[in-house]
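One structure below.
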Amino acid sequence: MIKVQNITKDFGKLKVLRGLDLEVKQGEVVVIIGPSGSGKSTFLRCLNHLESINSGNIFFEDKPVGFKQTPDGKKIPIKGKELCQLRSQMGMVFQRFNLFPHMTALNNVMEGPLTVLGKTKPDARDLALELLGKVGLANKAENFPSQLSGGQQQRVAIARALAMQPKLMLFDEPTSALDPELVGEVLSVIKNLATEGMTMIIVTHEMAFAREVADRVIFMDEGKIVEMGNPEQIFSKPRHPRTREFLSSVL
Ligand code: ADP
Ligand code: MG
């Protein structure tokens with residue numbers, strides 16, 4: 001589904017991604033762990049072209065992310081509607097929920113299907129209600145974000161991302177901004193998505209969750225993938241000293 005080849009990303013002199021390779025297959029759940037500043041968020045943002053890479057390639061379903069090929073073989077950047085369409089196939093959920101504060105939960109979830117997918121109001125409403133049900137918030141459809149807890153807001157944000165009917169979900173520390181007692185309800189929604197076969201790349205500091213949900217775990221440090229393996233390998237038998245050091249600091 002997604003193929004990343006030797007990508008780099010600099011911010012001025014700062015080399016944030018230093019040659020990353022990754023392939024993710026349909027239905028796979030990949031969890032990325034690593035210290036703060038190691039480039040995890042930047043990596044996710046490059047995947048859906050919120051940031052553009054300096055070198056290397058990213059393919060989403062065999063199409064280069066952020067570019068299209070002209071008939072004579074030139075690569076030109078995509079923008080506007082095409083970029084919107086690309087992004088709509090990769091749902092992204094951030095640490096901060098970024099809901100529209102002046103819209104109800106229902107309208108937040110309906111917005112994308114109405115404006116980007118061109119659905120009719122009744123269709124968008126049906127879909128939104130179904131998704132709010134799925135994240136356990138059928139009874140909060142008419143609430144505004146300020147009337148919801150952080151965990152509920154984040155579940156609305158997940159429903160909103162799902163409303164675009166993405167093929168891939170990207171989560172960037174979806175529970176880091178939550179009070180501890182609200183973390184579980186959000187993780188359980190993500191676990192359900194995994195069970196349903198959603199392809200996901202998840203950056204998280206929740207190690208028990210990572211262990212449970214991941215098909216593959218990636219340990220990133222200083223803009224590189226240091227180690228990658230199944231949860232058992234990474235958490236029980238990490239090979240690299242940096243991985244061991246990181247795990248002993250968080251576990
Ligand atoms: P992580 O998510 O692993 O904590 P980030 O990808 O957010 O790491 O950041 C990696 C590095 O890139 C950090 O040093 C950060 O300060 C820097 N960085 C991130 N975004 C920008 C930006 N837009 N401009 C300049 N530096 C940035
Ligand atoms: Mg980050």
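Chain identifiers are assigned as A, B, and so on, following the order in which chains appear in the structure tokens; residues are numbered from 1 within each chain, and ligands are numbered from 1 in order of appearance.
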
Close residues, A:Ile234 itself excluded, 12 Å, only C-alpha atoms, min 3 positions apart in chain, as number ranges by chain = A: 31-34, 207, 210-211, 214-220, 226-231, 237-244, 246-247

Just the alpha helix (DSSP H) stuff from stretch 1-249 of chain A, please, per backbone DSSP, written as an NGL selection string.
-> :A and (40-47 or 80-88 or 105-115 or 121-134 or 150-162 or 180-195 or 207-213 or 231-236 or 241-249)

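With only C-alpha atoms and all ligand atoms counted, the chains near ligand 2 contribute these residues within 10 Å: A:Gly34, A:Pro35, A:Ser36, A:Gly37, A:Ser38, A:Gly39, A:Lys40, A:Ser41, A:Thr42, A:Phe43, A:Leu44, A:Arg45, A:Phe94, A:Gln95, A:Asp172, A:Glu173, A:Ser176, A:Val203, A:Thr204.
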
Could you save those same residues with all heavy atoms as a CSV table (one decimal), in the first residue's frame?
```csv
chain,number,residue,atom,x,y,z
A,34,GLY,N,10.0,5.9,19.6
A,34,GLY,CA,11.3,6.5,19.6
A,34,GLY,C,11.3,7.8,20.4
A,34,GLY,O,10.2,8.4,20.7
A,35,PRO,N,12.5,8.3,20.7
A,35,PRO,CA,12.5,9.5,21.6
A,35,PRO,C,12.0,10.7,20.9
A,35,PRO,O,11.9,10.8,19.7
A,35,PRO,CB,14.0,9.7,21.9
A,35,PRO,CG,14.7,8.8,20.9
A,35,PRO,CD,13.8,7.8,20.4
A,36,SER,N,11.6,11.7,21.7
A,36,SER,CA,11.1,13.0,21.2
A,36,SER,C,12.2,13.6,20.3
A,36,SER,O,13.4,13.6,20.6
A,36,SER,CB,10.8,13.9,22.4
A,36,SER,OG,10.5,15.1,22.0
A,37,GLY,N,11.8,14.2,19.2
A,37,GLY,CA,12.7,14.8,18.3
A,37,GLY,C,13.4,13.9,17.3
A,37,GLY,O,14.2,14.3,16.5
A,38,SER,N,13.0,12.6,17.3
A,38,SER,CA,13.7,11.7,16.4
A,38,SER,C,13.1,11.7,15.0
A,38,SER,O,13.6,11.0,14.1
A,38,SER,CB,13.6,10.2,17.0
A,38,SER,OG,12.2,9.9,17.2
A,39,GLY,N,12.0,12.5,14.8
A,39,GLY,CA,11.5,12.6,13.4
A,39,GLY,C,10.3,11.9,13.1
A,39,GLY,O,9.8,11.8,12.0
A,40,LYS,N,9.6,11.3,14.1
A,40,LYS,CA,8.4,10.5,13.9
A,40,LYS,C,7.3,11.3,13.3
A,40,LYS,O,6.7,10.9,12.3
A,40,LYS,CB,8.0,9.9,15.3
A,40,LYS,CG,9.0,9.1,16.0
A,40,LYS,CD,8.5,8.6,17.3
A,40,LYS,CE,8.1,9.6,18.4
A,40,LYS,NZ,9.1,10.5,18.9
A,41,SER,N,7.0,12.5,13.9
A,41,SER,CA,5.9,13.3,13.3
A,41,SER,C,6.2,13.7,11.9
A,41,SER,O,5.4,13.7,11.0
A,41,SER,CB,5.7,14.5,14.2
A,41,SER,OG,5.2,14.1,15.4
A,42,THR,N,7.5,14.2,11.7
A,42,THR,CA,7.9,14.6,10.4
A,42,THR,C,7.7,13.5,9.4
A,42,THR,O,7.2,13.7,8.2
A,42,THR,CB,9.3,15.1,10.4
A,42,THR,OG1,9.5,16.1,11.4
A,42,THR,CG2,9.8,15.6,9.0
A,43,PHE,N,8.0,12.3,9.8
A,43,PHE,CA,7.9,11.1,8.9
A,43,PHE,C,6.4,10.9,8.5
A,43,PHE,O,6.1,10.8,7.3
A,43,PHE,CB,8.4,9.9,9.6
A,43,PHE,CG,8.3,8.6,8.7
A,43,PHE,CD1,8.7,8.6,7.4
A,43,PHE,CD2,7.8,7.4,9.3
A,43,PHE,CE1,8.6,7.5,6.6
A,43,PHE,CE2,7.7,6.3,8.5
A,43,PHE,CZ,8.1,6.3,7.2
A,44,LEU,N,5.5,10.9,9.5
A,44,LEU,CA,4.1,10.8,9.1
A,44,LEU,C,3.6,11.9,8.2
A,44,LEU,O,2.9,11.7,7.3
A,44,LEU,CB,3.2,10.8,10.4
A,44,LEU,CG,3.2,9.6,11.3
A,44,LEU,CD1,2.1,9.7,12.4
A,44,LEU,CD2,3.1,8.3,10.5
A,45,ARG,N,4.1,13.1,8.5
A,45,ARG,CA,3.7,14.3,7.7
A,45,ARG,C,4.2,14.2,6.3
A,45,ARG,O,3.6,14.7,5.3
A,45,ARG,CB,4.1,15.6,8.4
A,45,ARG,CG,3.4,15.8,9.7
A,45,ARG,CD,4.0,17.0,10.5
A,45,ARG,NE,4.0,18.2,9.8
A,45,ARG,CZ,3.0,19.0,9.7
A,45,ARG,NH1,1.9,18.7,10.4
A,45,ARG,NH2,3.0,20.2,9.0
A,94,PHE,N,-4.1,13.6,15.0
A,94,PHE,CA,-3.0,14.2,15.7
A,94,PHE,C,-3.2,14.1,17.2
A,94,PHE,O,-4.2,13.8,17.7
A,94,PHE,CB,-2.9,15.7,15.3
A,94,PHE,CG,-2.8,16.0,13.9
A,94,PHE,CD1,-3.9,16.1,13.0
A,94,PHE,CD2,-1.5,16.1,13.3
A,94,PHE,CE1,-3.8,16.4,11.7
A,94,PHE,CE2,-1.4,16.3,11.9
A,94,PHE,CZ,-2.5,16.5,11.1
A,95,GLN,N,-2.1,14.6,17.9
A,95,GLN,CA,-2.1,14.6,19.3
A,95,GLN,C,-3.3,15.6,19.8
A,95,GLN,O,-4.0,15.2,20.7
A,95,GLN,CB,-0.8,15.2,19.8
A,95,GLN,CG,-0.5,15.2,21.2
A,95,GLN,CD,0.9,15.5,21.5
A,95,GLN,OE1,1.8,15.5,20.6
A,95,GLN,NE2,1.2,15.9,22.7
A,172,ASP,N,-0.7,10.2,15.1
A,172,ASP,CA,0.5,10.8,15.7
A,172,ASP,C,0.2,11.1,17.2
A,172,ASP,O,-0.4,12.1,17.6
A,172,ASP,CB,0.9,12.1,15.0
A,172,ASP,CG,2.3,12.6,15.4
A,172,ASP,OD1,2.9,11.9,16.2
A,172,ASP,OD2,2.7,13.6,14.9
A,173,GLU,N,0.7,10.2,18.0
A,173,GLU,CA,0.5,10.3,19.5
A,173,GLU,C,-0.9,10.6,19.8
A,173,GLU,O,-1.1,11.7,20.5
A,173,GLU,CB,1.5,11.3,20.1
A,173,GLU,CG,3.0,10.8,19.8
A,173,GLU,CD,3.9,11.7,20.7
A,173,GLU,OE1,3.5,12.1,21.8
A,173,GLU,OE2,5.1,11.9,20.2
A,176,SER,N,-1.5,11.3,23.7
A,176,SER,CA,-0.5,12.1,24.5
A,176,SER,C,-1.1,13.3,25.2
A,176,SER,O,-0.5,13.7,26.2
A,176,SER,CB,0.7,12.5,23.7
A,176,SER,OG,1.4,11.4,23.2
A,203,VAL,N,2.1,6.4,15.7
A,203,VAL,CA,3.2,6.8,16.6
A,203,VAL,C,2.6,6.9,18.0
A,203,VAL,O,1.6,7.5,18.2
A,203,VAL,CB,3.8,8.2,16.2
A,203,VAL,CG1,4.8,8.7,17.2
A,203,VAL,CG2,4.4,8.2,14.8
A,204,THR,N,3.3,6.2,18.9
A,204,THR,CA,2.7,6.2,20.3
A,204,THR,C,3.8,6.0,21.3
A,204,THR,O,4.9,5.4,21.0
A,204,THR,CB,1.6,5.2,20.5
A,204,THR,OG1,1.0,5.3,21.8
A,204,THR,CG2,2.1,3.7,20.3
```

Could you name the residues that touch A:Gly27 at 7 Å or less, counting only C-alpha atoms, but leaving out those on the same chain fewer than 5 positions away, as a list in words?
->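 These residues fall inside the cut-off: Gly197, Met198 and Thr199 of chain A.
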
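With distances taken over only C-alpha atoms and all ligand atoms, A:Ile202 is the one residue among A:Leu114, A:Leu132, A:Ile202, A:Met90 lying closest to ligand 1.
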
Spatial neighbours of stretch 51-67 of chain A, 12 Å, only C-alpha atoms, chain gap at least 4 places, as a ChimeraX atom specification = /A:1-12,15-26,41-47,73-87,89-90,167-168

Skipping near chain neighbours, those fewer than 4 positions away, what residues fall within 10 Å of A:Leu187 using only C-alpha atoms, listed as a ChimeraX atom specification?
-> /A:151,155,174-175,182-183,191-193,206,209-210,213

Close residues, A:Asn98 itself excluded, 10 Å, only C-alpha atoms, min 6 positions apart in chain, as a PyMOL selection string = chain A and resi 145+153-154+157
